Every structure is written in structure tokens, then in C-alpha cells.
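Below: my_file16.cif (mmCIF, C-alpha atoms and all ligand atoms)
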```cif
data_structure
loop_
_atom_site.label_atom_id
_atom_site.label_comp_id
_atom_site.auth_asym_id
_atom_site.auth_seq_id
_atom_site.Cartn_x
_atom_site.Cartn_y
_atom_site.Cartn_z
CA MET A 1 20.24 11.66 -13.74
CA SER A 2 17.31 9.59 -12.59
CA VAL A 3 14.75 11.40 -10.47
CA ARG A 4 12.30 9.50 -8.32
CA GLU A 5 10.14 11.86 -6.35
CA LEU A 6 6.55 12.70 -5.53
CA VAL A 7 5.51 16.24 -6.41
CA VAL A 8 2.43 17.05 -4.34
CA LEU A 9 0.04 19.25 -6.30
CA GLY A 10 -2.97 19.18 -3.99
CA THR A 11 -3.98 17.54 -0.71
CA SER A 12 -7.63 18.36 -0.06
CA SER A 13 -10.53 15.95 -0.35
CA ALA A 14 -14.04 16.97 -1.47
CA VAL A 15 -13.48 20.74 -1.66
CA PRO A 16 -10.34 22.86 -1.97
CA THR A 17 -9.52 25.12 0.99
CA ARG A 18 -7.51 28.32 1.39
CA HIS A 19 -4.41 26.23 2.02
CA ARG A 20 -5.05 23.02 0.15
CA ASN A 21 -5.85 22.51 -3.51
CA HIS A 22 -7.97 19.59 -4.67
CA ASN A 23 -5.96 16.36 -4.98
CA GLY A 24 -3.16 16.00 -7.51
CA TYR A 25 0.16 14.14 -7.43
CA LEU A 26 2.95 13.74 -9.93
CA LEU A 27 5.26 10.80 -9.32
CA ARG A 28 8.43 11.39 -11.33
CA TRP A 29 10.27 8.14 -11.95
CA ASP A 30 13.34 8.31 -14.18
CA GLY A 31 11.91 9.52 -17.51
CA GLU A 32 8.28 8.75 -16.67
CA GLY A 33 5.74 11.07 -15.09
CA PHE A 34 2.68 9.49 -13.46
CA LEU A 35 -0.01 12.08 -12.76
CA PHE A 36 -2.41 10.64 -10.21
CA ASP A 37 -5.90 12.02 -9.64
CA PRO A 38 -5.74 15.50 -11.13
CA GLY A 39 -8.41 17.43 -9.22
CA GLU A 40 -9.62 20.92 -10.07
CA GLY A 41 -6.75 23.40 -10.40
CA THR A 42 -4.10 20.81 -11.18
CA GLN A 43 -2.89 22.63 -14.28
CA ARG A 44 -2.05 25.76 -12.25
CA GLN A 45 -0.54 23.75 -9.40
CA MET A 46 1.79 22.19 -11.98
CA VAL A 47 2.94 25.70 -12.91
CA HIS A 48 3.59 26.51 -9.24
CA ALA A 49 5.49 23.22 -8.84
CA GLY A 50 7.61 23.81 -11.93
CA VAL A 51 6.43 20.73 -13.80
CA GLY A 52 5.03 20.83 -17.32
CA SER A 53 2.78 18.88 -19.62
CA HIS A 54 5.84 17.40 -21.34
CA ASP A 55 6.73 15.68 -18.04
CA LEU A 56 3.58 13.54 -18.15
CA THR A 57 3.56 10.02 -19.58
CA TRP A 58 0.65 8.55 -17.58
CA ILE A 59 -2.57 9.96 -16.14
CA CYS A 60 -4.00 7.56 -13.54
CA VAL A 61 -7.47 8.27 -12.19
CA THR A 62 -8.60 6.23 -9.18
CA HIS A 63 -12.30 7.09 -9.52
CA PHE A 64 -14.68 9.66 -10.88
CA HIS A 65 -15.42 11.84 -7.88
CA GLY A 66 -14.63 15.45 -8.77
CA ASP A 67 -11.70 15.88 -6.39
CA HIS A 68 -9.90 13.13 -8.35
CA CYS A 69 -10.65 14.09 -11.94
CA LEU A 70 -11.99 17.62 -12.44
CA GLY A 71 -8.48 18.60 -13.55
CA VAL A 72 -8.47 16.13 -16.46
CA PRO A 73 -9.90 18.59 -19.03
CA GLY A 74 -7.35 21.28 -18.23
CA VAL A 75 -4.41 18.90 -18.20
CA ILE A 76 -5.36 17.25 -21.49
CA GLN A 77 -6.02 20.56 -23.20
CA ARG A 78 -2.65 21.76 -21.97
CA ILE A 79 -1.00 18.64 -23.40
CA ALA A 80 -2.65 19.49 -26.73
CA ARG A 81 -1.76 23.19 -26.58
CA ASP A 82 1.88 22.43 -25.73
CA ARG A 83 2.05 19.95 -28.65
CA VAL A 84 3.33 17.12 -26.47
CA ASP A 85 4.47 14.59 -29.06
CA HIS A 86 4.90 11.44 -26.94
CA GLN A 87 2.06 9.16 -25.93
CA VAL A 88 0.31 9.79 -22.64
CA GLN A 89 -1.48 6.73 -21.28
CA ALA A 90 -4.71 7.35 -19.38
CA ALA A 91 -5.84 4.72 -16.86
CA TYR A 92 -9.25 4.99 -15.20
CA PRO A 93 -12.05 2.68 -14.04
CA ALA A 94 -13.83 1.30 -17.09
CA ALA A 95 -17.16 1.61 -15.28
CA GLY A 96 -16.73 5.40 -15.48
CA GLU A 97 -16.15 5.48 -19.24
CA HIS A 98 -19.01 7.98 -19.72
CA TYR A 99 -17.40 10.35 -17.20
CA TRP A 100 -14.04 9.94 -18.92
CA ARG A 101 -15.52 10.85 -22.29
CA ARG A 102 -17.13 13.99 -20.88
CA LEU A 103 -13.92 15.11 -19.19
CA ARG A 104 -11.78 14.21 -22.19
CA HIS A 105 -13.97 16.31 -24.50
CA ALA A 106 -15.30 18.83 -21.97
CA THR A 107 -14.90 21.91 -24.20
CA SER A 108 -13.90 22.93 -27.69
CA PHE A 109 -10.13 22.78 -28.25
CA GLY A 110 -7.54 21.78 -30.83
CA ASP A 111 -7.37 18.11 -29.91
CA THR A 112 -4.36 15.85 -29.59
CA ALA A 113 -3.83 12.27 -30.70
CA VAL A 114 -1.32 11.35 -27.98
CA ILE A 115 -3.79 10.26 -25.28
CA VAL A 116 -4.11 6.46 -25.14
CA ARG A 117 -7.05 5.09 -23.15
CA ARG A 118 -6.33 2.30 -20.65
CA PRO A 119 -9.67 1.54 -18.99
CA VAL A 120 -9.33 -0.66 -15.91
CA SER A 121 -11.63 -3.53 -14.91
CA GLY A 122 -11.37 -6.79 -13.00
CA ASP A 123 -9.24 -7.67 -9.99
CA LEU A 124 -5.77 -7.02 -11.35
CA VAL A 125 -4.43 -5.11 -14.33
CA GLU A 126 -0.74 -4.74 -15.22
CA TRP A 127 1.00 -2.62 -17.83
CA PRO A 128 4.67 -2.14 -18.69
CA ALA A 129 5.43 1.53 -17.99
CA GLY A 130 9.00 2.40 -18.92
CA PRO A 131 11.32 1.09 -16.18
CA VAL A 132 8.46 -0.21 -14.01
CA THR A 133 5.35 -2.34 -14.07
CA LEU A 134 2.19 -0.41 -13.25
CA THR A 135 -0.52 -2.38 -11.45
CA ALA A 136 -4.12 -1.47 -10.68
CA ARG A 137 -6.29 -3.18 -8.05
CA PRO A 138 -9.86 -2.46 -6.93
CA LEU A 139 -10.54 -0.55 -3.74
CA SER A 140 -13.76 -0.21 -1.72
CA HIS A 141 -15.64 3.09 -2.19
CA PRO A 142 -19.29 3.97 -2.99
CA ILE A 143 -18.31 4.10 -6.68
CA GLU A 144 -15.75 1.93 -8.44
CA SER A 145 -12.27 2.96 -7.35
CA TYR A 146 -8.81 1.56 -8.20
CA GLY A 147 -5.45 1.99 -6.50
CA TYR A 148 -2.16 1.88 -8.37
CA ARG A 149 1.31 0.52 -7.71
CA LEU A 150 4.69 0.80 -9.47
CA ASP A 151 7.32 -1.92 -9.28
CA GLU A 152 10.83 -1.80 -10.62
CA PRO A 153 12.16 -5.29 -11.43
CA ALA A 154 14.92 -6.60 -9.19
CA GLY A 155 18.42 -6.38 -10.66
CA ARG A 156 22.02 -6.85 -9.64
CA ARG A 157 24.53 -4.28 -8.42
CA MET A 158 28.12 -4.72 -9.59
CA LEU A 159 30.76 -4.82 -6.83
CA PRO A 160 33.83 -2.84 -8.04
CA GLU A 161 36.21 -4.38 -5.48
CA GLU A 162 35.27 -7.93 -6.57
CA LEU A 163 35.71 -7.01 -10.23
CA ALA A 164 39.12 -5.47 -9.52
CA ARG A 165 40.23 -8.45 -7.45
CA ARG A 166 39.54 -10.75 -10.41
CA GLY A 167 40.99 -8.41 -13.01
CA VAL A 168 37.66 -7.74 -14.74
CA HIS A 169 37.60 -4.26 -16.29
CA GLY A 170 36.44 -2.23 -19.28
CA PRO A 171 34.30 -4.06 -21.86
CA MET A 172 34.73 -7.30 -19.87
CA VAL A 173 32.25 -5.96 -17.29
CA GLY A 174 29.49 -5.57 -19.91
CA GLU A 175 30.22 -9.04 -21.27
CA LEU A 176 30.00 -10.52 -17.77
CA GLN A 177 26.64 -8.78 -17.24
CA ARG A 178 25.29 -10.04 -20.57
CA ARG A 179 26.56 -13.62 -20.43
CA GLY A 180 26.58 -14.32 -16.69
CA SER A 181 30.15 -15.64 -16.75
CA LEU A 182 33.48 -14.84 -18.32
CA THR A 183 36.67 -16.76 -19.11
CA LEU A 184 39.74 -14.80 -18.13
CA PRO A 185 43.06 -14.83 -20.09
CA ASP A 186 44.52 -17.26 -17.54
CA GLY A 187 41.72 -19.72 -18.33
CA SER A 188 39.82 -19.28 -15.07
CA THR A 189 36.11 -18.50 -15.00
CA VAL A 190 34.45 -15.67 -13.17
CA THR A 191 30.68 -15.50 -12.66
CA LEU A 192 28.27 -12.61 -12.38
CA ALA A 193 27.12 -13.86 -8.96
CA GLU A 194 30.69 -13.54 -7.62
CA CYS A 195 31.01 -9.95 -8.73
CA SER A 196 27.57 -8.57 -7.96
CA ALA A 197 24.89 -8.48 -5.28
CA PRO A 198 21.11 -8.58 -5.61
CA ARG A 199 19.54 -5.13 -5.96
CA PRO A 200 15.87 -5.13 -4.98
CA GLY A 201 13.61 -3.06 -7.23
CA GLN A 202 11.99 0.06 -5.82
CA SER A 203 8.23 0.39 -5.53
CA ALA A 204 5.53 2.92 -4.76
CA ALA A 205 1.78 2.72 -4.20
CA PHE A 206 -1.04 5.19 -4.51
CA VAL A 207 -4.14 4.38 -2.48
CA MET A 208 -6.99 6.87 -2.64
CA ASP A 209 -10.62 6.80 -1.60
CA THR A 210 -11.36 3.48 0.07
CA ARG A 211 -12.33 1.63 3.16
CA LEU A 212 -9.85 -0.94 4.46
CA CYS A 213 -9.94 -3.90 2.06
CA ASP A 214 -7.63 -6.56 0.61
CA GLY A 215 -6.70 -4.26 -2.28
CA VAL A 216 -5.22 -1.68 0.11
CA PHE A 217 -2.86 -4.23 1.67
CA ALA A 218 -1.91 -5.82 -1.65
CA LEU A 219 -1.04 -2.44 -3.13
CA ALA A 220 0.96 -1.29 -0.10
CA ASP A 221 2.82 -4.55 0.54
CA GLY A 222 6.49 -3.75 1.11
CA VAL A 223 6.58 -0.52 -0.89
CA ASP A 224 9.25 2.12 -0.47
CA LEU A 225 6.70 4.94 -0.76
CA LEU A 226 2.99 4.75 0.11
CA VAL A 227 0.75 7.71 -0.70
CA ILE A 228 -2.54 7.05 1.04
CA GLU A 229 -5.69 8.94 1.86
CA SER A 230 -6.42 9.71 5.49
CA THR A 231 -9.51 11.83 5.13
CA PHE A 232 -10.43 11.62 8.81
CA LEU A 233 -9.12 11.15 12.33
CA SER A 234 -10.46 8.28 14.42
CA ALA A 235 -13.01 10.54 16.10
CA GLU A 236 -14.79 10.52 12.73
CA ALA A 237 -14.37 6.78 12.18
CA GLU A 238 -18.11 6.32 11.63
CA LEU A 239 -18.11 8.99 8.92
CA ALA A 240 -15.10 7.30 7.35
CA VAL A 241 -16.95 4.00 7.08
CA ALA A 242 -20.15 5.65 5.82
CA TYR A 243 -18.36 7.58 3.04
CA GLY A 244 -15.81 4.89 2.20
CA HIS A 245 -12.67 6.52 3.58
CA LEU A 246 -9.71 5.79 5.85
CA THR A 247 -8.64 7.34 9.13
CA ALA A 248 -5.04 8.23 9.91
CA ALA A 249 -4.94 5.35 12.41
CA GLN A 250 -5.98 2.91 9.66
CA ALA A 251 -3.37 4.33 7.27
CA GLY A 252 -0.75 3.77 9.99
CA ARG A 253 -1.91 0.22 10.47
CA VAL A 254 -1.58 -0.47 6.75
CA ALA A 255 1.95 0.98 6.73
CA ALA A 256 2.93 -1.09 9.76
CA GLU A 257 1.49 -4.39 8.53
CA CYS A 258 2.88 -3.91 5.03
CA GLY A 259 6.40 -2.83 6.06
CA VAL A 260 6.19 0.47 4.18
CA ARG A 261 9.37 2.56 4.27
CA ARG A 262 7.91 6.06 3.81
CA LEU A 263 4.27 6.93 4.47
CA VAL A 264 2.63 10.02 2.96
CA LEU A 265 -0.79 11.00 4.30
CA THR A 266 -3.07 13.17 2.18
CA HIS A 267 -6.67 13.85 1.00
CA PHE A 268 -7.74 15.66 4.16
CA SER A 269 -11.27 16.68 5.04
CA GLU A 270 -11.75 20.45 5.01
CA ARG A 271 -12.68 20.26 8.72
CA TYR A 272 -8.96 19.99 9.59
CA SER A 273 -6.35 22.75 9.52
CA PHE A 274 -2.55 22.68 9.58
CA GLU A 275 -2.78 22.79 13.39
CA ASP A 276 -4.35 19.32 13.32
CA GLU A 277 -1.40 17.71 11.51
CA PRO A 278 0.26 16.45 14.74
CA ARG A 279 -2.96 14.58 15.53
CA PHE A 280 -2.65 12.67 12.22
CA VAL A 281 0.96 11.75 13.05
CA ALA A 282 -0.03 10.71 16.58
CA GLU A 283 -2.65 8.28 15.22
CA VAL A 284 -0.12 6.78 12.82
CA ARG A 285 2.39 6.39 15.66
CA GLU A 286 0.01 4.07 17.49
CA THR A 287 1.25 1.31 15.17
CA TYR A 288 3.86 2.61 12.70
CA ALA A 289 7.33 3.78 13.70
CA GLY A 290 8.63 4.49 10.18
CA ASP A 291 8.98 7.69 8.21
CA VAL A 292 5.65 9.58 8.03
CA ILE A 293 4.91 12.81 6.16
CA VAL A 294 1.68 14.79 6.35
CA ALA A 295 1.53 16.15 2.82
CA ARG A 296 1.09 19.82 2.00
CA ASP A 297 0.65 21.30 -1.45
CA LEU A 298 3.86 21.70 -3.49
CA MET A 299 5.97 19.42 -1.27
CA ARG A 300 8.56 17.31 -3.09
CA ILE A 301 9.03 13.96 -1.41
CA PRO A 302 11.83 11.66 -2.61
CA VAL A 303 11.30 7.94 -3.01
CA PRO A 304 13.62 6.69 -0.24
CA LYS A 305 17.00 5.70 -1.58
CA ARG A 306 17.48 1.99 -2.06
CA ASP A 307 20.88 1.80 -0.41
CA ILE A 308 19.62 3.18 2.90
CA ALA A 309 18.56 0.36 5.21
CA PRO A 310 14.89 0.53 6.22
CA LYS A 311 14.48 2.58 9.38
CA TRP A 312 11.81 0.19 10.43
CA ALA A 313 10.70 -3.31 9.43
CA PRO A 314 7.77 -5.44 10.57
ZN ZN A 401 -11.80 12.03 -2.71
ZN ZN A 402 -14.31 9.53 -3.65
#
```
Show how you would write the structure in this file as C-alpha cells.
Ligand SMILES: [Zn+2]
Ligand SMILES: [Zn+2]
Amino acid sequence: MSVRELVVLGTSSAVPTRHRNHNGYLLRWDGEGFLFDPGEGTQRQMVHAGVGSHDLTWICVTHFHGDHCLGVPGVIQRIARDRVDHQVQAAYPAAGEHYWRRLRHATSFGDTAVIVRRPVSGDLVEWPAGPVTLTARPLSHPIESYGYRLDEPAGRRMLPEELARRGVHGPMVGELQRRGSLTLPDGSTVTLAECSAPRPGQSAAFVMDTRLCDGVFALADGVDLLVIESTFLSAEAELAVAYGHLTAAQAGRVAAECGVRRLVLTHFSERYSFEDEPRFVAEVRETYAGDVIVARDLMRIPVPKRDIAPKWAP
């Protein structure tokens, strides 16, 4: 059974708090597992969340501030210790190669050969990643930072009642899908278009430390699930600009302008407590009427199902 869900491992920005671990997010997508920004403590959060090293196929680091990568050594050493035997791709900003090398080889351990480096540079990078295309685009932060996006290609959904009406059944269905048309025993022709409907691909985006910039909007455009930093509330808008972060109001604006279906806020400054969560939602609601979730550690958030009509559209 295909699983498409976000497992939240940590939700705090610069420092962990009593209630929030450093960043960390596992996006499970069919057989793939994209681990975004493993901050300190990610390995243990994975244990709490019931996900293991064997679930990982990609490690995607947005940038080399500690809250986004101090968990890399533990996760990689766990992959080695558990003898994970499939490749695990590791994407990170190429400008931080020296940080990557230090984290990758932080201590003595029985190394693994399954980690494949995918350094990111330039304005747009794309990789095939199982059932999706993984894209990286630059963000705007004091050090080089990249956001990521997953896109499933569009397909077609077979319509059982149309197939039945035309007498198409069994192996004929597969042949129709492969060839696009089929000649029936009575000599008539049936086409794939008559018996199916377009099925838009699903998508998700992961936007961490950044000011508002073109990359944010390009990554978030029309996605089913947007995971985005909202380090601050608008009262700290000046701090947000100075440190290269977003406010909840800005995250809401992005979701509204991009027609996002489900918005997940995270990466909170330690100055806020759980009691402040309604204030984050209220800022989002100034512009965005869709589904919004203020992330907490160990939440599991499904990618919204494709067959449910958007609750909200621009
Ligand atoms: Zn951060
Ligand atoms: Zn940062």
C-alpha cells in the first residue's frame, strides 16, 4: 500500500526546547523516504516516530546551519550500523561541501558505501527519485540555502463504468493502457481517452530558512503539501528580515498566492510556546483559508488525497 505522509521529527529553529527537537522531517512517499534537514537528535526522534534507517532513500539538506544538519553524522552512522544495502542519495548545497565532509566523517565508525553525494548548485537542479522528480531551487538566507520539491508525473485514471460499457475487461485493459487504443471483436475501436480521465500528479515542497524570494513561490506553486518555516510572528518582522527568515503571515501569503492545499508551519523560534500557536494560525488566516497545521514533534501529516477536491483555490 502506498504511503504518502510527513513524519515530523523536530520543529524548533536554532536551539531545541523542552517541547521541540531541532528540525527534522521524513516525507514517506510510496517506497521512498526523503529525510529533510536532520538536526541534532534526529536519530532518536526517528526511534520515537517508529521509522528506521532502512526507510531512508534520500537525505536533503537545505543549508549548513546546525539546526538543519547536526543530525547527519548520527543518521549516516546508523545507516552504516544497520547495514542498509540500498543507495541513499544525499543532496546539499555544493558551497557547503567542506561542512558536508566534516559531518559525513565526523567520528570513527565502520563506514558504508551506500551514500551517494548529490551536491546542488545553480538555479535549478532535478533528479529522478523513484515515482517522483525531485527539484532543488535556491532560497535567500545569509548562507547558501536550497528548497526542495517533489512532483509526481500526471497520469490517467481508468473509469470502470466506461470500460464495462464497452466490454473491455481482463488483459484488454492493460493492452488499452499500453497502446492507447484497442480493436474490439466486433471491429469497433475504443480509445484510452474514452475510458479514462486525467489524474494530476501529487506534489510537495519543503521550504526552510529564507526570506521571501522567487524560489519560495516557484517551489510552492500549486503543491498539495507545503512544509515551510515560520520562525517568527509579524511583531518580529524586522528580526525575520535581518536573519533571513519568514513570518507566519508571509508563509500564509505564499500558500494563498500559490494555491497550496495543505500548509504545515514549522521551525519556530524558541521564544514561542505551544500557547502561541493560535497566533501563528491567525496570521496565516489573514490571507489563506486552506488547511493549516502548526507542526509539533512526532505528528504524522498525510499528503492530502488526490481525489478530494481542494478546499480552497486561488
Ligand atoms: Zn534554521
Ligand atoms: Zn539557517
Could you give me, as a tab-separated table, every chain A residue with an atom at most 10 Å from ligand ZN 401 (chain A), plus its closest atom pair and distance in Å to one decimal, counting all atoms listed in the file, rows ordered by chain then number?
```
residue	atom	partner	partner_atom	distance
A:Thr11	CA	A:ZN401	ZN	9.8
A:Ser12	CA	A:ZN401	ZN	8.0
A:Ser13	CA	A:ZN401	ZN	4.7
A:Ala14	CA	A:ZN401	ZN	5.6
A:Val15	CA	A:ZN401	ZN	8.9
A:His22	CA	A:ZN401	ZN	8.7
A:Asn23	CA	A:ZN401	ZN	7.6
A:Asp37	CA	A:ZN401	ZN	9.1
A:Gly39	CA	A:ZN401	ZN	9.1
A:Thr62	CA	A:ZN401	ZN	9.3
A:His63	CA	A:ZN401	ZN	8.4
A:Phe64	CA	A:ZN401	ZN	9.0
A:His65	CA	A:ZN401	ZN	6.3
A:Gly66	CA	A:ZN401	ZN	7.5
A:Asp67	CA	A:ZN401	ZN	5.3
A:His68	CA	A:ZN401	ZN	6.1
A:Cys69	CA	A:ZN401	ZN	9.5
A:His141	CA	A:ZN401	ZN	9.7
A:Met208	CA	A:ZN401	ZN	7.1
A:Asp209	CA	A:ZN401	ZN	5.5
A:Thr210	CA	A:ZN401	ZN	9.0
A:Glu229	CA	A:ZN401	ZN	8.2
A:Thr231	CA	A:ZN401	ZN	8.2
A:Tyr243	CA	A:ZN401	ZN	9.8
A:Gly244	CA	A:ZN401	ZN	9.5
A:His245	CA	A:ZN401	ZN	8.4
A:His267	CA	A:ZN401	ZN	6.6
A:Phe268	CA	A:ZN401	ZN	8.8
A:Ser269	CA	A:ZN401	ZN	9.1
```
Close residues, Val223 in chain A itself excluded, 10 Å, all atoms listed in the file, min 6 positions apart in chain, as number ranges by chain: A: 149-151, 201-205, 255, 258-263, 303
Go ahead and write the residues just picked, C-alpha atoms, as a PDB file, keeping the file's coordinate frame.
```pdb
ATOM      1  CA  ARG A 149       1.310   0.520  -7.710  1.00  0.00           C
ATOM      2  CA  LEU A 150       4.690   0.800  -9.470  1.00  0.00           C
ATOM      3  CA  ASP A 151       7.320  -1.920  -9.280  1.00  0.00           C
ATOM      4  CA  GLY A 201      13.610  -3.060  -7.230  1.00  0.00           C
ATOM      5  CA  GLN A 202      11.990   0.060  -5.820  1.00  0.00           C
ATOM      6  CA  SER A 203       8.230   0.390  -5.530  1.00  0.00           C
ATOM      7  CA  ALA A 204       5.530   2.920  -4.760  1.00  0.00           C
ATOM      8  CA  ALA A 205       1.780   2.720  -4.200  1.00  0.00           C
ATOM      9  CA  ALA A 255       1.950   0.980   6.730  1.00  0.00           C
ATOM     10  CA  CYS A 258       2.880  -3.910   5.030  1.00  0.00           C
ATOM     11  CA  GLY A 259       6.400  -2.830   6.060  1.00  0.00           C
ATOM     12  CA  VAL A 260       6.190   0.470   4.180  1.00  0.00           C
ATOM     13  CA  ARG A 261       9.370   2.560   4.270  1.00  0.00           C
ATOM     14  CA  ARG A 262       7.910   6.060   3.810  1.00  0.00           C
ATOM     15  CA  LEU A 263       4.270   6.930   4.470  1.00  0.00           C
ATOM     16  CA  VAL A 303      11.300   7.940  -3.010  1.00  0.00           C
TER      17      VAL A 303
END
```
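Relative to CA of Phe34 in chain A, CA of Tyr272 in chain A is found at 27.9 Å.
You will find CA of Leu124 in chain A at 20.3 Å from CA of Trp100 in chain A.
The neighbours of range 135-139 of chain A here are the residues that come within 6 Å of it, using only C-alpha atoms and leaving out any residue fewer than 2 positions away in the same chain; they are Asp123, Leu124, Val125, Glu126, Ser145, Tyr146, Gly147, Tyr148, Arg149, Thr210 and Gly215 of chain A.
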Can you spit out the residues from that selection as a PDB file, keeping the file's coordinate frame, using C-alpha atoms?
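Okay, this is what ended up in again_17.pdb:
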```pdb
ATOM      1  CA  ASP A 123      -9.240  -7.670  -9.990  1.00  0.00           C
ATOM      2  CA  LEU A 124      -5.770  -7.020 -11.350  1.00  0.00           C
ATOM      3  CA  VAL A 125      -4.430  -5.110 -14.330  1.00  0.00           C
ATOM      4  CA  GLU A 126      -0.740  -4.740 -15.220  1.00  0.00           C
ATOM      5  CA  SER A 145     -12.270   2.960  -7.350  1.00  0.00           C
ATOM      6  CA  TYR A 146      -8.810   1.560  -8.200  1.00  0.00           C
ATOM      7  CA  GLY A 147      -5.450   1.990  -6.500  1.00  0.00           C
ATOM      8  CA  TYR A 148      -2.160   1.880  -8.370  1.00  0.00           C
ATOM      9  CA  ARG A 149       1.310   0.520  -7.710  1.00  0.00           C
ATOM     10  CA  THR A 210     -11.360   3.480   0.070  1.00  0.00           C
ATOM     11  CA  GLY A 215      -6.700  -4.260  -2.280  1.00  0.00           C
TER      12      GLY A 215
END
```
